[in-house]
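Dropping data-v5.tsv in here (TSV, C-alpha atoms and all ligand atoms):
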```
chain	number	residue	atom	x	y	z
A	1	MET	CA	-13.30	-90.62	138.77
A	2	SER	CA	-11.53	-87.29	138.56
A	3	PRO	CA	-13.13	-84.18	137.14
A	4	TYR	CA	-10.07	-83.23	135.12
A	5	SER	CA	-7.06	-84.51	133.24
A	6	ARG	CA	-3.90	-82.44	133.52
A	7	ILE	CA	-0.54	-82.37	131.72
A	8	THR	CA	2.12	-83.35	134.25
A	9	GLY	CA	5.12	-83.76	131.94
A	10	THR	CA	6.24	-82.84	128.44
A	11	GLY	CA	9.01	-84.10	126.15
A	12	SER	CA	10.21	-83.80	122.58
A	13	TYR	CA	12.85	-84.97	120.16
A	14	LEU	CA	14.29	-83.87	116.84
A	15	PRO	CA	16.53	-86.19	114.82
A	16	PRO	CA	20.10	-84.82	114.63
A	17	ARG	CA	20.30	-84.14	110.88
A	18	ARG	CA	19.37	-80.45	110.50
A	19	LEU	CA	19.00	-78.85	107.11
A	20	SER	CA	18.87	-75.09	106.79
A	21	ASN	CA	16.96	-73.70	103.82
A	22	ALA	CA	20.31	-73.19	102.08
A	23	ASP	CA	21.31	-76.83	102.75
A	24	LEU	CA	17.98	-78.08	101.36
A	25	ALA	CA	18.12	-75.71	98.36
A	26	ALA	CA	21.60	-77.05	97.50
A	27	GLU	CA	20.38	-80.67	97.70
A	28	LEU	CA	17.31	-79.89	95.59
A	29	ALA	CA	19.41	-78.01	93.02
A	30	ALA	CA	21.44	-81.19	92.46
A	31	GLY	CA	18.14	-82.80	91.37
A	32	GLY	CA	17.24	-79.87	89.12
A	33	VAL	CA	14.72	-78.30	91.53
A	34	GLU	CA	15.09	-74.57	92.16
A	35	THR	CA	14.23	-72.85	95.45
A	36	SER	CA	15.83	-70.34	97.78
A	37	ASP	CA	16.14	-69.42	101.44
A	38	GLN	CA	14.47	-66.10	100.60
A	39	TRP	CA	11.35	-67.69	99.05
A	40	ILE	CA	10.93	-70.19	101.89
A	41	VAL	CA	11.38	-67.59	104.64
A	42	GLU	CA	9.12	-64.99	103.01
A	43	ARG	CA	6.28	-67.39	102.16
A	44	THR	CA	6.40	-69.67	105.22
A	45	GLY	CA	8.71	-68.41	107.99
A	46	ILE	CA	10.61	-71.71	107.92
A	47	ARG	CA	14.41	-71.52	108.18
A	48	ALA	CA	15.38	-75.12	108.96
A	49	ARG	CA	13.99	-78.62	109.49
A	50	HIS	CA	15.31	-81.96	110.77
A	51	PHE	CA	15.24	-85.21	108.78
A	52	ALA	CA	15.50	-88.65	110.38
A	53	ALA	CA	18.04	-91.23	109.17
A	54	PRO	CA	16.53	-93.82	106.77
A	55	ASP	CA	16.28	-96.56	109.43
A	56	VAL	CA	14.65	-94.34	112.06
A	57	CYS	CA	10.84	-94.55	112.39
A	58	SER	CA	8.15	-92.47	114.08
A	59	SER	CA	8.20	-94.83	117.10
A	60	ASP	CA	11.95	-94.17	117.56
A	61	LEU	CA	11.41	-90.41	117.66
A	62	GLY	CA	8.33	-90.85	119.85
A	63	LEU	CA	10.28	-93.07	122.26
A	64	VAL	CA	12.77	-90.33	123.15
A	65	ALA	CA	10.00	-87.74	123.51
A	66	ALA	CA	7.91	-90.15	125.63
A	67	ARG	CA	10.83	-90.96	127.96
A	68	GLN	CA	11.43	-87.24	128.50
A	69	ALA	CA	7.75	-86.62	129.26
A	70	LEU	CA	7.69	-89.55	131.72
A	71	GLN	CA	10.81	-88.23	133.43
A	72	ALA	CA	9.30	-84.75	133.69
A	73	ALA	CA	6.17	-86.29	135.25
A	74	GLY	CA	8.27	-88.41	137.66
A	75	LEU	CA	6.76	-91.64	136.27
A	76	GLN	CA	7.99	-94.95	134.88
A	77	ALA	CA	6.66	-96.50	131.67
A	78	GLN	CA	4.78	-99.16	133.65
A	79	ASP	CA	2.82	-96.42	135.48
A	80	ILE	CA	1.09	-95.52	132.19
A	81	ASP	CA	-2.33	-97.08	131.54
A	82	LEU	CA	-3.09	-95.63	128.08
A	83	ILE	CA	-0.91	-94.82	125.05
A	84	ILE	CA	-2.16	-92.79	122.11
A	85	VAL	CA	0.09	-91.89	119.20
A	86	ALA	CA	-0.95	-89.29	116.65
A	87	THR	CA	0.84	-89.95	113.37
A	88	SER	CA	0.30	-90.00	109.62
A	89	THR	CA	3.66	-91.67	109.04
A	90	PRO	CA	3.28	-94.92	111.03
A	91	ASP	CA	6.13	-97.44	111.22
A	92	MET	CA	3.99	-100.11	109.52
A	93	VAL	CA	0.57	-100.46	107.88
A	94	PHE	CA	-0.24	-102.35	111.08
A	95	PRO	CA	0.10	-102.83	114.02
A	96	SER	CA	-0.22	-99.30	115.33
A	97	THR	CA	2.83	-97.19	116.09
A	98	ALA	CA	1.40	-96.93	119.62
A	99	CYS	CA	1.81	-100.71	120.09
A	100	ILE	CA	5.36	-100.57	118.71
A	101	LEU	CA	6.16	-97.66	121.03
A	102	GLN	CA	4.61	-99.47	123.98
A	103	ASN	CA	6.96	-102.41	123.41
A	104	LYS	CA	10.01	-100.13	123.04
A	105	LEU	CA	9.05	-98.42	126.31
A	106	GLY	CA	8.81	-101.80	128.05
A	107	ALA	CA	5.21	-101.12	129.09
A	108	HIS	CA	2.83	-104.01	128.52
A	109	GLY	CA	-0.90	-104.57	128.80
A	110	CYS	CA	-2.40	-101.08	128.69
A	111	PRO	CA	-4.50	-100.04	125.67
A	112	ALA	CA	-2.47	-98.47	122.88
A	113	PHE	CA	-3.72	-97.10	119.58
A	114	ASP	CA	-3.02	-94.53	116.90
A	115	VAL	CA	-5.08	-91.51	115.98
A	116	GLN	CA	-4.97	-90.39	112.35
A	117	ALA	CA	-6.00	-86.78	111.85
A	118	VAL	CA	-2.82	-85.56	110.08
A	119	CYS	CA	-1.69	-82.18	111.44
A	120	SER	CA	-4.67	-82.01	113.83
A	121	GLY	CA	-3.72	-85.44	115.19
A	122	PHE	CA	-2.33	-84.27	118.52
A	123	ILE	CA	-5.42	-82.14	119.23
A	124	TYR	CA	-7.61	-85.18	118.48
A	125	ALA	CA	-5.42	-87.52	120.57
A	126	LEU	CA	-5.35	-85.17	123.56
A	127	THR	CA	-9.14	-84.83	123.43
A	128	VAL	CA	-9.62	-88.62	123.33
A	129	ALA	CA	-7.17	-89.17	126.21
A	130	ASP	CA	-8.89	-86.45	128.26
A	131	ALA	CA	-12.29	-88.08	127.70
A	132	LEU	CA	-11.00	-91.55	128.69
A	133	ILE	CA	-9.45	-90.14	131.85
A	134	ARG	CA	-12.52	-88.14	132.86
A	135	THR	CA	-14.76	-91.19	132.41
A	136	GLY	CA	-12.44	-93.30	134.58
A	137	SER	CA	-11.12	-95.62	131.85
A	138	ALA	CA	-7.56	-94.42	132.39
A	139	ARG	CA	-5.61	-92.44	134.98
A	140	ARG	CA	-2.21	-91.83	133.39
A	141	ALA	CA	-1.98	-91.45	129.63
A	142	LEU	CA	0.95	-90.94	127.33
A	143	VAL	CA	-0.07	-88.85	124.32
A	144	VAL	CA	2.53	-88.64	121.58
A	145	GLY	CA	2.74	-86.90	118.21
A	146	ALA	CA	5.49	-88.43	116.06
A	147	GLU	CA	6.23	-88.06	112.36
A	148	VAL	CA	8.79	-88.85	109.68
A	149	PHE	CA	7.23	-86.71	106.95
A	150	SER	CA	10.53	-86.76	105.02
A	151	ARG	CA	9.48	-90.31	103.94
A	152	ILE	CA	6.38	-89.10	102.09
A	153	LEU	CA	7.79	-85.99	100.42
A	154	ASP	CA	8.27	-85.66	96.68
A	155	PHE	CA	11.66	-83.94	96.43
A	156	LYS	CA	10.84	-82.96	92.85
A	157	ASP	CA	7.87	-80.88	94.08
A	158	ARG	CA	9.23	-77.63	95.49
A	159	THR	CA	5.77	-76.45	96.52
A	160	THR	CA	5.63	-79.10	99.27
A	161	CYS	CA	9.08	-80.58	100.02
A	162	VAL	CA	10.46	-77.39	101.58
A	163	LEU	CA	7.66	-77.22	104.15
A	164	PHE	CA	7.91	-80.37	106.27
A	165	GLY	CA	10.27	-81.94	108.80
A	166	ASP	CA	10.54	-84.90	111.19
A	167	GLY	CA	10.19	-84.91	114.98
A	168	ALA	CA	8.16	-85.96	118.00
A	169	GLY	CA	6.54	-84.46	121.05
A	170	ALA	CA	4.83	-86.10	124.02
A	171	VAL	CA	2.83	-85.30	127.11
A	172	VAL	CA	1.81	-87.27	130.19
A	173	LEU	CA	-1.83	-86.58	131.00
A	174	GLU	CA	-2.99	-87.57	134.50
A	175	ALA	CA	-6.31	-87.67	136.31
A	176	SER	CA	-6.51	-84.65	138.59
A	177	ASP	CA	-8.79	-82.73	140.92
A	178	ARG	CA	-7.12	-79.51	139.73
A	179	PRO	CA	-8.19	-78.02	136.41
A	180	GLY	CA	-6.14	-79.10	133.40
A	181	ILE	CA	-7.86	-79.57	130.06
A	182	LEU	CA	-10.85	-77.24	130.19
A	183	ALA	CA	-12.45	-77.64	126.77
A	184	SER	CA	-11.85	-78.87	123.28
A	185	ASP	CA	-13.50	-78.40	119.93
A	186	LEU	CA	-12.92	-80.87	117.07
A	187	HIS	CA	-14.05	-80.81	113.46
A	188	ALA	CA	-13.60	-82.57	110.14
A	189	ASP	CA	-14.96	-82.08	106.64
A	190	GLY	CA	-14.19	-85.00	104.36
A	191	LYS	CA	-15.27	-83.15	101.25
A	192	HIS	CA	-11.79	-81.61	101.23
A	193	VAL	CA	-9.89	-84.95	101.20
A	194	GLY	CA	-8.18	-84.08	97.91
A	195	ILE	CA	-6.53	-80.79	98.92
A	196	LEU	CA	-4.00	-82.45	101.23
A	197	CYS	CA	-3.37	-86.18	100.95
A	198	VAL	CA	-0.98	-89.03	100.25
A	199	PRO	CA	-3.19	-90.91	97.78
A	200	GLY	CA	-1.21	-94.17	97.54
A	201	HIS	CA	-2.19	-97.44	99.22
A	202	VAL	CA	-0.96	-101.02	99.47
A	203	SER	CA	-2.75	-103.58	97.30
A	204	GLY	CA	-1.76	-107.06	96.18
A	205	GLY	CA	1.81	-106.60	97.35
A	206	ASN	CA	2.27	-103.30	95.48
A	207	VAL	CA	1.81	-99.64	96.20
A	208	LEU	CA	-1.08	-98.38	94.11
A	209	GLY	CA	-1.37	-94.65	93.46
A	210	ASP	CA	1.13	-92.01	94.42
A	211	PRO	CA	2.66	-92.56	97.89
A	212	VAL	CA	3.85	-88.96	98.27
A	213	LEU	CA	2.24	-85.85	99.72
A	214	LYS	CA	0.03	-83.81	97.39
A	215	MET	CA	-1.23	-80.41	98.48
A	216	ASP	CA	-3.20	-77.54	97.04
A	217	GLY	CA	-1.39	-75.03	99.24
A	218	LYS	CA	-3.66	-72.09	98.52
A	219	ALA	CA	-6.84	-74.07	99.32
A	220	VAL	CA	-5.32	-75.36	102.58
A	221	PHE	CA	-4.17	-71.86	103.49
A	222	LYS	CA	-7.63	-70.35	102.93
A	223	LEU	CA	-9.44	-73.01	104.94
A	224	ALA	CA	-6.89	-72.85	107.77
A	225	VAL	CA	-7.25	-69.12	108.29
A	226	ALA	CA	-11.04	-69.43	108.08
A	227	VAL	CA	-11.49	-72.09	110.76
A	228	LEU	CA	-8.75	-71.75	113.38
A	229	ASP	CA	-10.04	-68.74	115.28
A	230	GLU	CA	-13.59	-70.20	115.18
A	231	ALA	CA	-12.38	-73.39	116.91
A	232	ALA	CA	-10.50	-71.34	119.50
A	233	HIS	CA	-13.57	-69.17	120.21
A	234	ALA	CA	-15.78	-72.29	120.46
A	235	ALA	CA	-13.46	-73.90	123.03
A	236	LEU	CA	-13.31	-70.65	125.04
A	237	ALA	CA	-17.11	-70.27	124.97
A	238	LYS	CA	-17.60	-73.76	126.44
A	239	VAL	CA	-16.04	-72.58	129.72
A	240	GLY	CA	-17.09	-68.93	129.65
A	241	LYS	CA	-13.65	-67.56	128.78
A	242	VAL	CA	-12.53	-65.07	126.15
A	243	ALA	CA	-9.43	-64.74	123.99
A	244	SER	CA	-7.89	-62.09	126.24
A	245	ASP	CA	-7.77	-64.71	129.04
A	246	ILE	CA	-5.27	-66.81	127.04
A	247	ASP	CA	-1.65	-66.60	128.24
A	248	TRP	CA	-0.16	-68.51	125.28
A	249	LEU	CA	-1.37	-69.58	121.85
A	250	ILE	CA	0.43	-72.75	120.75
A	251	PRO	CA	-0.66	-73.30	117.16
A	252	HIS	CA	0.15	-75.99	114.65
A	253	GLN	CA	3.38	-74.86	113.02
A	254	ALA	CA	2.69	-74.81	109.27
A	255	ASN	CA	3.08	-71.26	108.03
A	256	ILE	CA	3.88	-68.06	109.93
A	257	ARG	CA	1.28	-66.19	107.86
A	258	ILE	CA	-1.47	-68.59	109.02
A	259	ILE	CA	-0.29	-68.20	112.62
A	260	GLN	CA	-0.19	-64.38	112.37
A	261	SER	CA	-3.65	-64.28	110.82
A	262	THR	CA	-5.13	-66.42	113.60
A	263	ALA	CA	-3.42	-64.37	116.32
A	264	LYS	CA	-4.76	-61.19	114.73
A	265	LYS	CA	-8.31	-62.55	114.60
A	266	LEU	CA	-8.02	-63.50	118.27
A	267	LYS	CA	-6.61	-60.00	118.96
A	268	MET	CA	-3.50	-61.60	120.46
A	269	SER	CA	-0.03	-60.08	120.20
A	270	MET	CA	2.58	-62.32	118.55
A	271	ASP	CA	4.50	-62.01	121.86
A	272	LYS	CA	1.93	-64.46	123.26
A	273	VAL	CA	2.32	-66.98	120.43
A	274	ILE	CA	4.80	-69.86	120.54
A	275	VAL	CA	6.57	-70.13	117.19
A	276	THR	CA	9.01	-72.95	116.50
A	277	LEU	CA	8.38	-73.53	112.79
A	278	ASP	CA	11.42	-71.41	111.92
A	279	GLN	CA	13.60	-74.18	113.36
A	280	HIS	CA	11.37	-77.27	112.99
A	281	GLY	CA	9.37	-76.76	109.78
A	282	ASN	CA	5.95	-78.40	109.70
A	283	THR	CA	6.18	-81.66	111.66
A	284	SER	CA	2.45	-82.42	111.31
A	285	ALA	CA	1.06	-84.21	114.40
A	286	ALA	CA	4.34	-83.60	116.25
A	287	SER	CA	4.34	-79.84	115.81
A	288	ILE	CA	2.10	-78.79	118.72
A	289	PRO	CA	3.67	-81.02	121.42
A	290	LEU	CA	7.13	-80.09	120.09
A	291	ALA	CA	6.30	-76.40	120.38
A	292	LEU	CA	4.76	-76.92	123.83
A	293	ASP	CA	7.78	-78.80	125.18
A	294	THR	CA	10.23	-76.31	123.63
A	295	ALA	CA	8.37	-73.44	125.33
A	296	VAL	CA	8.13	-75.27	128.68
A	297	ARG	CA	11.83	-76.14	128.70
A	298	ALA	CA	12.75	-72.56	127.71
A	299	GLY	CA	10.87	-71.39	130.83
A	300	LYS	CA	8.43	-69.36	128.70
A	301	VAL	CA	5.26	-71.32	129.38
A	302	LYS	CA	4.71	-71.96	133.09
A	303	ALA	CA	2.48	-74.02	135.38
A	304	GLY	CA	-0.88	-72.40	135.98
A	305	GLU	CA	-0.98	-70.52	132.68
A	306	LEU	CA	-3.88	-70.77	130.23
A	307	LEU	CA	-2.89	-72.31	126.89
A	308	MET	CA	-4.80	-72.53	123.63
A	309	LEU	CA	-3.52	-75.36	121.42
A	310	GLU	CA	-4.93	-75.51	117.91
A	311	GLY	CA	-4.36	-77.59	114.82
A	312	VAL	CA	-5.46	-77.90	111.23
A	313	GLY	CA	-4.62	-80.42	108.53
A	314	GLY	CA	-5.52	-83.07	106.00
A	315	GLY	CA	-8.96	-84.56	106.14
A	316	PHE	CA	-9.80	-81.67	106.29
A	317	THR	CA	-9.51	-81.65	110.11
A	318	TRP	CA	-9.20	-78.89	112.66
A	319	GLY	CA	-9.66	-78.24	116.34
A	320	ALA	CA	-8.55	-76.55	119.53
A	321	VAL	CA	-7.83	-77.54	123.12
A	322	LEU	CA	-7.95	-75.01	125.96
A	323	LEU	CA	-6.01	-76.04	129.05
A	324	GLN	CA	-4.49	-74.81	132.23
A	325	LEU	CA	-0.94	-76.07	132.59
A	401	LIG	O1	-0.12	-78.62	108.01
A	401	LIG	C1	-1.14	-78.07	107.25
A	401	LIG	C2	-0.76	-78.17	105.84
A	401	LIG	N1	-0.09	-77.15	105.20
A	401	LIG	C3	-0.27	-75.83	105.23
A	401	LIG	O2	-0.81	-75.23	106.11
A	401	LIG	C4	0.24	-75.08	104.02
A	401	LIG	C5	-0.74	-74.03	103.57
A	401	LIG	N2	-0.28	-73.31	102.41
A	401	LIG	C6	0.84	-72.56	102.41
A	401	LIG	O3	1.52	-72.46	103.40
A	401	LIG	C7	1.17	-71.75	101.16
A	401	LIG	O4	0.10	-71.85	100.24
A	401	LIG	C8	2.48	-72.25	100.47
A	401	LIG	C9	3.67	-71.90	101.35
A	401	LIG	C10	2.42	-73.75	100.26
A	401	LIG	C11	2.63	-71.55	99.13
A	401	LIG	O5	2.62	-70.15	99.30
A	401	LIG	P1	1.84	-69.22	98.29
A	401	LIG	O6	2.07	-67.83	98.73
A	401	LIG	O7	0.42	-69.73	98.23
A	401	LIG	O8	2.63	-69.46	96.95
A	401	LIG	P2	2.08	-69.99	95.55
A	401	LIG	O9	1.72	-71.42	95.64
A	401	LIG	O10	1.06	-69.01	95.04
A	401	LIG	O11	3.36	-69.85	94.65
A	401	LIG	C12	3.88	-68.55	94.28
A	401	LIG	C13	5.04	-68.76	93.35
A	401	LIG	C14	4.72	-69.69	92.17
A	401	LIG	O12	5.39	-69.18	91.03
A	401	LIG	P3	4.58	-68.36	89.91
A	401	LIG	O13	3.51	-69.31	89.44
A	401	LIG	O14	4.03	-67.17	90.62
A	401	LIG	O15	5.64	-68.06	88.90
A	401	LIG	C15	5.37	-70.99	92.58
A	401	LIG	O16	5.76	-71.77	91.47
A	401	LIG	O17	6.14	-69.37	94.06
A	401	LIG	C16	6.59	-70.52	93.34
A	401	LIG	N3	7.08	-71.50	94.28
A	401	LIG	C17	8.35	-71.54	94.71
A	401	LIG	N4	9.43	-70.79	94.40
A	401	LIG	C18	10.59	-71.09	95.02
A	401	LIG	C19	6.37	-72.45	94.93
A	401	LIG	N5	7.18	-73.14	95.77
A	401	LIG	C20	8.41	-72.59	95.66
A	401	LIG	C21	9.65	-72.83	96.26
A	401	LIG	N6	10.70	-72.08	95.92
A	401	LIG	N7	9.82	-73.80	97.19
```

What's the structure tokens form of this structure?
Ligand code: UT7
Amino acid sequence: MSPYSRITGTGSYLPPRRLSNADLAAELAAGGVETSDQWIVERTGIRARHFAAPDVCSSDLGLVAARQALQAAGLQAQDIDLIIVATSTPDMVFPSTACILQNKLGAHGCPAFDVQAVCSGFIYALTVADALIRTGSARRALVVGAEVFSRILDFKDRTTCVLFGDGAGAVVLEASDRPGILASDLHADGKHVGILCVPGHVSGGNVLGDPVLKMDGKAVFKLAVAVLDEAAHAALAKVGKVASDIDWLIPHQANIRIIQSTAKKLKMSMDKVIVTLDQHGNTSAASIPLALDTAVRAGKVKAGELLMLEGVGGGFTWGAVLLQL
């Protein structure tokens, strides 16, 4: 058994169809829905998002991200002994997107399962993979966040449809004697189910209820800014570190105002915060690994640095992972 799990490779993928705010506003206007680049930028910080083609699923996006992460780690798919996919937009009701991805990767036999914690999904998945590695159940895990949120948006609801995008991010997490993941802190409070949900479900061959995203944006905003710095401080406290030790904050990319508020509470300059939501929108469980890989490939975030990853989303769920890259 190894004392640590460590990220040894990252990858990500965005589907090619990019819509700027102006492109989206023009499409929405054709359906009688009014919005503007100015409103979206001022209220959210988002400037563009990517939408997958209708026949492309979360596993397809995850496959490209996973292959990149494997290549970065110098591994083949068959070297992996655990696959966890964080998604709220699975390819099918069942089996899991992780099993579908496993087959597409050509890896067979290792455990594969999905984690469903909406926008906190990657933080949950990374924590589960870390625990399985540290207890000796796995040595080389593929942890993927992949989403096609465009499938569950109501394009008549301007308060939600301008916020989200599609994409995937992945990491390879390996057993290591060197420090990697140092601490994590996970939470959920199911009493807030109704403020962010897709209430529809399949029953008797039909979809019952509304199969599109519903959100009380103000309630989500308030909770997010209240809990994110607490989770970060809790993770830091577990290993005797403080916020000023953090080299990079890599937050869930939902709203620049939430990100700025959390950075302020942690007394961190925005120069130390990775922001990709301007180009990606909110890609839910994919947003943190997408931001991480973007920053790694840009040469911003480097081996040895201390990273604080943190997420918040439907459930209500939230959490943080502190790691040394
Ligand atoms: O991944 C985690 C999940 N999501 C989040 O973290 C989202 C959290 N919430 C938010 O980011 C913000 O609450 C929103 C961006 C969703 C909304 O921002 P807000 O500052 O809370 O705006 P609001 O809902 O108070 O709306 C202000 C105005 C309203 O008009 P009136 O009532 O003042 O006349 C809205 O109808 O803006 C209007 N509005 C829009 N206008 C143009 C709402 N959406 C749009 C839009 N374009 N897309």

All residues having an atom within 9 Å of ligand LIG 401 (chain A) (only C-alpha atoms and all ligand atoms) as a PyMOL selection string: chain A and resi 25+33-40+42-44+118-120+157-164+196+215-224+252-258+282-285+311-314

Atom CA of A:Ala235 to atom CA of A:Tyr124, straight-line distance in Å: 13.5 Å

Neighbour list for stretch 288-294 of chain A as an NGL selection string, cut-off 10 Å, only C-alpha atoms, skip fewer than 2 positions in-chain: :A and (9-14 or 65 or 68-69 or 119-123 or 143-146 or 167-171 or 248-253 or 274-277 or 280 or 282-286 or 296-301 or 307 or 309-311)

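Counting from atom CA of A:Arg139, the distance to atom CA of A:Cys110 is 11.2 Å.
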
Shortest interatomic distance to A:Leu173 - which of A:Arg17, A:His233, A:Arg47, A:Arg140, counting only C-alpha atoms: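 Of all the options, A:Arg140 lies closest to A:Leu173.
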
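Proximity ranking of A:Val242, A:Val202, A:Ala107, A:Ala73 relative to A:Thr8 places A:Ala73 first, based on only C-alpha atoms.
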
Point-to-point distance in Å for atom CA of A:Trp318 and atom CA of A:Arg178: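 Value for the atom CA of A:Arg178-atom CA of A:Trp318 distance: 27.2 Å.
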
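Using only C-alpha atoms, the nearest neighbour of A:Phe149 within the list A:Lys302, A:Lys267, A:Arg18, A:Arg49 is A:Arg49.
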
Polymer residues at most 12 Å from (1.9, -98.1, 135.8) by all atoms listed in the file, as a ChimeraX atom specification: /A:70,74-83,105-110,138-142,174

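If you measure from each of A:Ser176, A:Ser269, A:Ser59, A:Gln71 to A:Arg6 using all atoms listed in the file, the closest one turns out to be A:Ser176.
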
Best match for closeness to A:Gln116 among A:Pro90, A:Gly136, A:Gly165, A:Gly209, counting all atoms listed in the file: A:Pro90

All residues 12 Å or closer to A:Met308, all atoms listed in the file, same chain fewer than 6 positions away omitted, as number ranges by chain: A: 123, 180-185, 228-229, 231-236, 241-252, 262-263, 266, 268, 272-274, 288, 292, 301, 319-325

Would you mind putting back N, CA, C and O atoms on stretch 271-284 of chain A, then writing it out as an mmCIF file, keeping the file's coordinate frame?
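Okay, this is what ended up in rebuild.cif:
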```cif
data_model
loop_
_atom_site.group_PDB
_atom_site.id
_atom_site.type_symbol
_atom_site.label_atom_id
_atom_site.label_comp_id
_atom_site.auth_asym_id
_atom_site.auth_seq_id
_atom_site.Cartn_x
_atom_site.Cartn_y
_atom_site.Cartn_z
ATOM 1 N N ASP A 271 3.666 -61.729 120.673
ATOM 2 C CA ASP A 271 4.500 -62.010 121.860
ATOM 3 C C ASP A 271 3.906 -63.145 122.693
ATOM 4 O O ASP A 271 4.579 -63.728 123.538
ATOM 5 N N LYS A 272 2.598 -63.409 122.480
ATOM 6 C CA LYS A 272 1.930 -64.460 123.260
ATOM 7 C C LYS A 272 1.757 -65.741 122.448
ATOM 8 O O LYS A 272 0.970 -66.609 122.816
ATOM 9 N N VAL A 273 2.455 -65.819 121.313
ATOM 10 C CA VAL A 273 2.320 -66.980 120.430
ATOM 11 C C VAL A 273 3.642 -67.736 120.403
ATOM 12 O O VAL A 273 4.703 -67.132 120.222
ATOM 13 N N ILE A 274 3.574 -69.039 120.603
ATOM 14 C CA ILE A 274 4.800 -69.860 120.540
ATOM 15 C C ILE A 274 5.043 -70.226 119.078
ATOM 16 O O ILE A 274 4.197 -70.840 118.425
ATOM 17 N N VAL A 275 6.204 -69.847 118.589
ATOM 18 C CA VAL A 275 6.570 -70.130 117.190
ATOM 19 C C VAL A 275 7.877 -70.933 117.182
ATOM 20 O O VAL A 275 8.899 -70.476 117.698
ATOM 21 N N THR A 276 7.796 -72.123 116.627
ATOM 22 C CA THR A 276 9.010 -72.950 116.500
ATOM 23 C C THR A 276 9.214 -73.387 115.048
ATOM 24 O O THR A 276 10.198 -74.051 114.751
ATOM 25 N N LEU A 277 8.280 -73.020 114.164
ATOM 26 C CA LEU A 277 8.380 -73.530 112.790
ATOM 27 C C LEU A 277 9.632 -73.029 112.097
ATOM 28 O O LEU A 277 10.133 -73.681 111.187
ATOM 29 N N ASP A 278 10.180 -71.883 112.544
ATOM 30 C CA ASP A 278 11.420 -71.410 111.920
ATOM 31 C C ASP A 278 12.525 -72.461 112.042
ATOM 32 O O ASP A 278 13.306 -72.655 111.122
ATOM 33 N N GLN A 279 12.543 -73.180 113.133
ATOM 34 C CA GLN A 279 13.600 -74.180 113.360
ATOM 35 C C GLN A 279 13.157 -75.620 113.083
ATOM 36 O O GLN A 279 14.002 -76.488 112.880
ATOM 37 N N HIS A 280 11.861 -75.889 113.117
ATOM 38 C CA HIS A 280 11.370 -77.270 112.990
ATOM 39 C C HIS A 280 10.692 -77.576 111.668
ATOM 40 O O HIS A 280 10.520 -78.733 111.318
ATOM 41 N N GLY A 281 10.242 -76.537 110.926
ATOM 42 C CA GLY A 281 9.370 -76.760 109.780
ATOM 43 C C GLY A 281 8.034 -77.303 110.272
ATOM 44 O O GLY A 281 7.715 -77.246 111.463
ATOM 45 N N ASN A 282 7.246 -77.821 109.340
ATOM 46 C CA ASN A 282 5.950 -78.400 109.700
ATOM 47 C C ASN A 282 6.152 -79.890 110.002
ATOM 48 O O ASN A 282 6.447 -80.666 109.097
ATOM 49 N N THR A 283 6.005 -80.257 111.266
ATOM 50 C CA THR A 283 6.180 -81.660 111.660
ATOM 51 C C THR A 283 4.827 -82.337 111.896
ATOM 52 O O THR A 283 4.744 -83.322 112.644
ATOM 53 N N SER A 284 3.789 -81.822 111.275
ATOM 54 C CA SER A 284 2.450 -82.420 111.310
ATOM 55 C C SER A 284 1.996 -82.699 112.745
ATOM 56 O O SER A 284 2.011 -81.790 113.561
#
```
